[in-house]
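For reference, coords.cif is printed below; it contains mmCIF, C-alpha atoms.
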data_upload
loop_
_atom_site.label_atom_id
_atom_site.label_comp_id
_atom_site.auth_asym_id
_atom_site.auth_seq_id
_atom_site.Cartn_x
_atom_site.Cartn_y
_atom_site.Cartn_z
CA MET A 974 315.87 21.28 40.51
CA ALA A 975 316.38 17.70 41.58
CA LYS A 976 313.56 15.16 41.56
CA VAL A 977 312.68 13.84 45.04
CA ASN A 978 310.87 10.61 45.82
CA ILE A 979 308.64 12.07 48.50
CA LYS A 980 304.95 12.88 48.02
CA PRO A 981 303.63 15.09 50.86
CA LEU A 982 300.19 14.24 52.23
CA ALA A 983 297.18 16.57 52.57
CA ASP A 984 298.18 20.26 52.65
CA ARG A 985 301.88 19.68 53.32
CA VAL A 986 304.70 21.11 51.21
CA LEU A 987 308.36 20.11 50.85
CA VAL A 988 310.66 23.15 50.65
CA GLN A 989 314.38 23.30 49.92
CA PRO A 990 315.82 26.26 51.89
CA MET A 991 317.98 28.71 49.96
CA ALA A 992 321.57 29.29 51.06
CA ALA A 993 322.15 31.81 53.84
CA GLU A 994 323.57 35.18 52.87
CA THR A 995 327.37 35.34 53.12
CA LYS A 996 327.74 39.11 52.54
CA THR A 997 325.76 42.15 53.56
CA ALA A 998 324.55 44.69 51.00
CA SER A 999 327.57 46.88 51.79
CA GLY A 1000 330.01 43.98 51.18
CA ILE A 1001 330.82 42.92 54.76
CA ILE A 1002 331.41 39.14 54.99
CA ILE A 1003 329.21 37.43 57.58
CA PRO A 1004 330.99 34.73 59.64
CA ASP A 1005 329.36 31.28 60.02
CA THR A 1006 328.60 31.90 63.70
CA ALA A 1007 326.54 35.02 62.91
CA LYS A 1008 324.51 33.65 59.97
CA GLU A 1009 320.78 33.40 60.46
CA LYS A 1010 318.65 30.48 59.36
CA PRO A 1011 317.25 31.25 55.89
CA GLN A 1012 313.54 32.05 55.66
CA LYS A 1013 313.26 31.69 51.89
CA GLY A 1014 313.15 28.53 49.80
CA LYS A 1015 311.94 26.70 46.69
CA VAL A 1016 308.92 24.38 46.70
CA VAL A 1017 310.07 20.89 45.66
CA ALA A 1018 306.89 18.82 46.21
CA VAL A 1019 303.25 19.61 47.04
CA GLY A 1020 300.52 17.46 48.57
CA PRO A 1021 297.05 17.08 47.00
CA GLY A 1022 295.28 19.29 49.57
CA THR A 1023 292.24 18.47 51.67
CA LYS A 1024 288.53 18.24 50.84
CA GLU A 1025 287.99 21.72 52.27
CA ASP A 1026 291.10 23.45 50.90
CA ALA A 1027 293.00 22.98 47.65
CA VAL A 1028 296.74 23.67 47.67
CA THR A 1029 297.60 26.95 45.91
CA LEU A 1030 301.37 26.42 45.73
CA LYS A 1031 303.12 24.83 42.76
CA VAL A 1032 306.47 23.08 42.43
CA GLY A 1033 309.11 25.69 41.65
CA ASN A 1034 307.52 28.57 43.61
CA THR A 1035 309.91 30.63 45.75
CA VAL A 1036 308.33 31.18 49.16
CA LEU A 1037 308.89 32.96 52.47
CA TYR A 1038 308.19 31.04 55.68
CA GLY A 1039 308.46 31.58 59.43
CA LYS A 1040 311.81 31.24 61.20
CA PHE A 1041 310.75 28.14 63.16
CA ALA A 1042 308.29 26.67 60.63
CA GLY A 1043 308.39 23.09 59.44
CA THR A 1044 310.25 19.90 60.23
CA GLU A 1045 313.83 19.55 59.03
CA LEU A 1046 314.66 16.54 56.83
CA LYS A 1047 317.90 15.38 55.21
CA LEU A 1048 317.55 13.37 51.97
CA ASP A 1049 320.42 12.37 49.69
CA GLY A 1050 322.71 14.84 51.48
CA LYS A 1051 320.38 17.82 50.95
CA ASP A 1052 318.37 19.70 53.59
CA TYR A 1053 314.60 20.11 53.24
CA LEU A 1054 311.71 21.41 55.32
CA MET A 1055 308.29 19.72 55.46
CA MET A 1056 305.57 22.16 56.48
CA ARG A 1057 301.88 22.87 56.13
CA GLU A 1058 300.83 25.32 53.46
CA SER A 1059 299.48 27.60 56.20
CA ASP A 1060 303.05 27.99 57.57
CA ILE A 1061 304.08 29.72 54.34
CA LEU A 1062 303.82 33.49 54.55
CA ALA A 1063 304.16 34.56 50.90
CA ILE A 1064 305.10 33.56 47.36
CA ILE A 1065 307.91 35.68 45.91
#
Show how you would write the structure in this file as structure tokens.
Amino acid sequence: MAKVNIKPLADRVLVQPMAAETKTASGIIIPDTAKEKPQKGKVVAVGPGTKEDAVTLKVGNTVLYGKFAGTELKLDGKDYLMMRESDILAII
């Protein structure tokens, strides 16, 4: 995992989305026009939390998030999502 020079504030988390699936379970290749936006990613950076709530995520966690969650960022040619911890649905 690459080191990023971004430190999220409060309860925000920086997530690197995983690649979209290129084949179905039965082996059918999915064309680029039919691929869905991935909803799974790796946590790259975590903010310190707030006075009321501590952040429970750690760098390296694999998480599930909502389809339209977060703000898209592009750093050093890689795509990332910045979102609040509450936008994350589960840790895998």
Note to self: Since I can't run it myself right now, could you work out what the PyMOL selection byres ((chain A and resi 993-996) around 9) selects here and report it as number ranges by chain?
What the structure shows: A: 990-992, 997-1005, 1008-1012
Note to self: For Leu1037 in chain A, find every residue with an atom within 9 Å (counting all atoms listed in the file), except residues of its own chain fewer than 3 positions away, and show them as a ChimeraX atom specification.
What the structure shows: /A:1012-1014,1061-1065
Next item on the list: Give me the residues within 8 Å of Val1017 in chain A as a PyMOL selection string, counting all atoms listed in the file and dropping any in the same chain fewer than 6 places off.
Entry: chain A and resi 974+976-977+986-989+1032-1033
Note to self: List as number ranges by chain the protein and nucleic acid residues near Ala1018 in chain A, meaning an atom at most 12 Å away when only C-alpha atoms are counted, but skip any in the same chain fewer than 2 places from it.
What the structure shows: A: 974-989, 1015-1016, 1020-1021, 1028, 1030-1034, 1053-1058
Next item on the list: Record the distance separating CA of Thr1035 in chain A and CA of Lys1051 in chain A, expressed in Å with one decimal.
Entry: 17.3 Å
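From CA of Thr1023 in chain A back to CA of Gly1039 in chain A, the distance works out to 22.3 Å.
Distance-wise, CA of Tyr1038 in chain A and CA of Lys1024 in chain A end up 24.0 Å apart.
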Centre and edge lengths of an axis-aligned box around all listed atoms of range 1003-1020 of chain A, with 4 Å added on each side, are to be given in Å to one decimal, as lines of an AutoDock Vina configuration file.
center_x = 315.8
center_y = 27.4
center_z = 54.7
size_x = 38.5
size_y = 28.0
size_z = 26.0
